[in-house]
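Reviewing the structure listed below.
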Amino acid sequence: MNKLNGYFYANALKASILDNKDSSTIITKPRVRTVFISDIHLGTPGCQAQALLEFLRAYPSEQLYLVGDIIDGWQLRQGWYWPQSHNDVIQKLLRRVRKGCKVVYVPGNHDEFARQFLGHSFGGIEVVEEVIYQTVDGRKFWIIHGDYFDGVVQCAKWLAYVGDNLYELTLKLNRYLNSLRARLGMPYWSLSRYLKHKVKTAVSYVTSFEQAVAMEARHRGLDGVICGHIHHPEIRDINGITYCNDGDWVESLSALIEHFDGRIELVHWPQCQRELENQSSASVDDTLVIPDHMPATAKVKEKDEALA
């Protein structure tokens, strides 16, 4: 993992240098109070990095919580895969910090290498094992990735690696099918998510996981829990505990957001994107206008800042 650790340090160093140079960066007005995302799996072909970038541009926030499996160290050990779009996600997160957003990183099992940096801050991103989050209306949520409640990961890690490889094969088939669906003008559809909902053992596992996490949150005297890990986006009440799972950016393309009134909402980007496009087409044209007298280089810089 030396290459991965080196990349982690390099981006943090670059961010600290940019912080000193770019102290006058304009802060974007937040659309929501907080965004929670997890299971991005940067470093794998299945990562929907471009969709995530579009989501982050559409939802500036005061706070951003990265709830684990941001980088997939398991897959990167088997072979280095890091396209420009994955690097763009890292740089986007670092820019969020420079624009005044509080960013907290809770590592998961696929990016467990980052747990050696607990208590440190890289480029302004805080690295913690877990954290208690309080909503505007005073509710307290336990934020964890969730892998500590996964018996497969904790008791037989080699089985988890085997399962992970089979999952990657399913995702490859999923990409092929969706490429075909796109050519036919059909919307995105997740094969792996469909299989998980149909296989009884998978459904049983998800239910057991949710109940175990909610039970621990209750034991700690909290109102709810926000986690990831199982790639199953959900908000539901479990014996008085609000269980929230923000899903993933491999198949679900989902996130949790807290509005300024304290409401926590589960959003799916494909649906949100369509709604935003409909709103945009129905509203007054708000296209970015750049004065003709502005130098070409300045035009590019201003447009980039507006889209960041």
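Ordering of the structure tokens sets the chain letters (A, B, ...); residue numbers start at 1 within each chain; ligands are numbered from 1 in the order shown.
Residues surrounding segment 206-209 of chain A within 9 Å are Gly146, Phe149, Asp150, Ile230 and His232 of chain A [only C-alpha atoms; sequence separation below 6 positions excluded].
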### Query
Could you pull the residues within 7 Å of segment 255-258 of chain A, counting only C-alpha atoms, minus those fewer than 6 positions along the same chain, as number ranges by chain?
A: 32-37, 246-247, 264-268
Residues of the last selection are to be written out with N, CA and C atoms, as a PDB file, in the first residue's frame.
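Written output follows (again.pdb):
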ATOM      1  N   VAL A  32     -27.693  22.678   0.984  1.00  0.00           N
ATOM      2  CA  VAL A  32     -28.185  21.914   2.130  1.00  0.00           C
ATOM      3  C   VAL A  32     -27.188  22.061   3.279  1.00  0.00           C
ATOM      4  N   ARG A  33     -27.602  21.670   4.478  1.00  0.00           N
ATOM      5  CA  ARG A  33     -26.696  21.786   5.626  1.00  0.00           C
ATOM      6  C   ARG A  33     -25.578  20.757   5.559  1.00  0.00           C
ATOM      7  N   THR A  34     -25.946  19.478   5.328  1.00  0.00           N
ATOM      8  CA  THR A  34     -24.946  18.413   5.356  1.00  0.00           C
ATOM      9  C   THR A  34     -25.234  17.357   4.298  1.00  0.00           C
ATOM     10  N   VAL A  35     -24.165  16.817   3.734  1.00  0.00           N
ATOM     11  CA  VAL A  35     -24.247  15.701   2.789  1.00  0.00           C
ATOM     12  C   VAL A  35     -23.468  14.530   3.366  1.00  0.00           C
ATOM     13  N   PHE A  36     -24.045  13.329   3.274  1.00  0.00           N
ATOM     14  CA  PHE A  36     -23.381  12.097   3.723  1.00  0.00           C
ATOM     15  C   PHE A  36     -23.259  11.159   2.521  1.00  0.00           C
ATOM     16  N   ILE A  37     -22.039  10.754   2.203  1.00  0.00           N
ATOM     17  CA  ILE A  37     -21.826   9.803   1.105  1.00  0.00           C
ATOM     18  C   ILE A  37     -20.830   8.739   1.542  1.00  0.00           C
ATOM     19  N   ASP A 246     -26.590   5.576   3.599  1.00  0.00           N
ATOM     20  CA  ASP A 246     -26.490   6.482   2.451  1.00  0.00           C
ATOM     21  C   ASP A 246     -26.247   5.779   1.123  1.00  0.00           C
ATOM     22  N   GLY A 247     -26.143   4.443   1.125  1.00  0.00           N
ATOM     23  CA  GLY A 247     -26.004   3.709  -0.130  1.00  0.00           C
ATOM     24  C   GLY A 247     -24.594   3.688  -0.678  1.00  0.00           C
ATOM     25  N   ILE A 264     -33.828  14.818   7.362  1.00  0.00           N
ATOM     26  CA  ILE A 264     -32.834  13.993   6.684  1.00  0.00           C
ATOM     27  C   ILE A 264     -33.527  13.274   5.535  1.00  0.00           C
ATOM     28  N   GLU A 265     -32.970  13.401   4.350  1.00  0.00           N
ATOM     29  CA  GLU A 265     -33.591  12.846   3.144  1.00  0.00           C
ATOM     30  C   GLU A 265     -32.607  11.949   2.405  1.00  0.00           C
ATOM     31  N   LEU A 266     -33.119  10.853   1.876  1.00  0.00           N
ATOM     32  CA  LEU A 266     -32.328   9.965   1.030  1.00  0.00           C
ATOM     33  C   LEU A 266     -32.570  10.371  -0.421  1.00  0.00           C
ATOM     34  N   VAL A 267     -31.504  10.673  -1.141  1.00  0.00           N
ATOM     35  CA  VAL A 267     -31.655  11.106  -2.528  1.00  0.00           C
ATOM     36  C   VAL A 267     -30.909  10.160  -3.461  1.00  0.00           C
ATOM     37  N   HIS A 268     -31.501   9.922  -4.617  1.00  0.00           N
ATOM     38  CA  HIS A 268     -30.876   9.121  -5.670  1.00  0.00           C
ATOM     39  C   HIS A 268     -30.557  10.065  -6.826  1.00  0.00           C
TER      40      HIS A 268
END
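Atom pair atom CA of Gly119 of chain A / atom CA of Tyr243 of chain A: separated by 26.2 Å.
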Which of segment 104-149 of chain A DSSP labels helix (DSSP H, G or I), written as a compact mmCIF listing (two decimals) with N, CA and C atoms, in the first residue's frame:
# COMPACT_ATOMS: atom_id res chain seq x y z
N GLU A 112 -9.23 0.77 4.78
CA GLU A 112 -8.77 0.64 6.16
C GLU A 112 -7.35 1.19 6.35
N PHE A 113 -6.58 1.33 5.26
CA PHE A 113 -5.24 1.91 5.35
C PHE A 113 -5.30 3.31 5.96
N ALA A 114 -6.42 4.02 5.76
CA ALA A 114 -6.56 5.39 6.27
C ALA A 114 -6.77 5.42 7.78
N ARG A 115 -7.08 4.26 8.38
CA ARG A 115 -7.29 4.24 9.83
C ARG A 115 -6.01 4.48 10.61
N GLN A 116 -4.86 4.34 9.95
CA GLN A 116 -3.61 4.65 10.63
C GLN A 116 -3.44 6.16 10.80
N PHE A 117 -4.32 6.95 10.15
CA PHE A 117 -4.24 8.41 10.25
C PHE A 117 -5.35 8.99 11.13
N ASP A 147 -18.63 -1.69 8.93
CA ASP A 147 -17.98 -2.98 8.71
C ASP A 147 -17.73 -3.76 9.99
N TYR A 148 -17.68 -3.06 11.13
CA TYR A 148 -17.47 -3.77 12.40
C TYR A 148 -18.67 -4.66 12.75
N PHE A 149 -19.79 -4.45 12.08
CA PHE A 149 -20.98 -5.27 12.32
C PHE A 149 -21.13 -6.36 11.27
### Message
Please list as a list in words every residue within 10 Å of segment 134-140 of chain A, counting only C-alpha atoms and excluding residues in the same chain fewer than 3 positions away.
### Response
Arg33, Thr34, Val131, Ile143, Ala217, Gly221, Leu222, Asp223, Gly224, Val225, Thr242, Glu258, His259, Phe260, Asp261, Gly262, Arg263 and Ile264 of chain A
Requested write-out: C-alpha atoms of the selected residues, as a CSV table (one decimal), in the first residue's frame:
chain,number,residue,atom,x,y,z
A,33,ARG,CA,-26.7,21.8,5.6
A,34,THR,CA,-24.9,18.4,5.4
A,131,VAL,CA,-18.4,10.6,15.3
A,143,ILE,CA,-21.8,8.0,12.2
A,217,ALA,CA,-27.1,3.1,18.6
A,221,GLY,CA,-28.5,6.4,24.0
A,222,LEU,CA,-28.6,8.0,20.6
A,223,ASP,CA,-31.5,8.9,18.3
A,224,GLY,CA,-30.2,7.2,15.2
A,225,VAL,CA,-27.3,6.0,13.1
A,242,THR,CA,-33.8,6.2,13.0
A,258,GLU,CA,-29.8,17.1,6.0
A,259,HIS,CA,-31.9,20.2,5.1
A,260,PHE,CA,-31.6,23.4,7.1
A,261,ASP,CA,-34.8,22.5,9.0
A,262,GLY,CA,-33.3,19.2,10.3
A,263,ARG,CA,-35.0,16.9,7.8
A,264,ILE,CA,-32.8,14.0,6.7
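Residue nearest Pro83 of chain A, chosen from A:Leu276, A:Gly228, A:Trp249, A:Cys47 and counting only C-alpha atoms: A:Cys47.
If you measure from each of A:Trp142, A:His120, A:Asp248, A:Ile125 to Arg220 of chain A using only C-alpha atoms, the closest one turns out to be A:Trp142.
Of note, atom CA of Pro60 of chain A and atom CA of Lys99 of chain A are spaced 9.9 Å apart.
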#### Entry: DSSP strand (DSSP E or B) residues within segment 113-155 of chain A, listed as a VMD selection string
chain A and resid 121 to 122 125 to 127 131 to 134 140 to 143
May I have the residues from that selection written out with C-alpha atoms, as a PDB file, in the first residue's frame?
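Okay, out.pdb is ready:
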ATOM      1  CA  SER A 121      -6.213  16.201   9.273  1.00  0.00           C
ATOM      2  CA  PHE A 122      -5.140  16.096   5.626  1.00  0.00           C
ATOM      3  CA  ILE A 125     -10.193  16.776   5.970  1.00  0.00           C
ATOM      4  CA  GLU A 126     -10.572  15.299   9.464  1.00  0.00           C
ATOM      5  CA  VAL A 127      -9.982  11.529   9.755  1.00  0.00           C
ATOM      6  CA  VAL A 131     -18.410  10.569  15.308  1.00  0.00           C
ATOM      7  CA  ILE A 132     -21.638  11.769  16.910  1.00  0.00           C
ATOM      8  CA  TYR A 133     -23.537  14.144  14.641  1.00  0.00           C
ATOM      9  CA  GLN A 134     -26.260  16.498  15.877  1.00  0.00           C
ATOM     10  CA  LYS A 140     -27.950  12.784  17.784  1.00  0.00           C
ATOM     11  CA  PHE A 141     -26.741  10.294  15.173  1.00  0.00           C
ATOM     12  CA  TRP A 142     -23.871   7.837  15.383  1.00  0.00           C
ATOM     13  CA  ILE A 143     -21.824   7.971  12.177  1.00  0.00           C
TER      14      ILE A 143
END
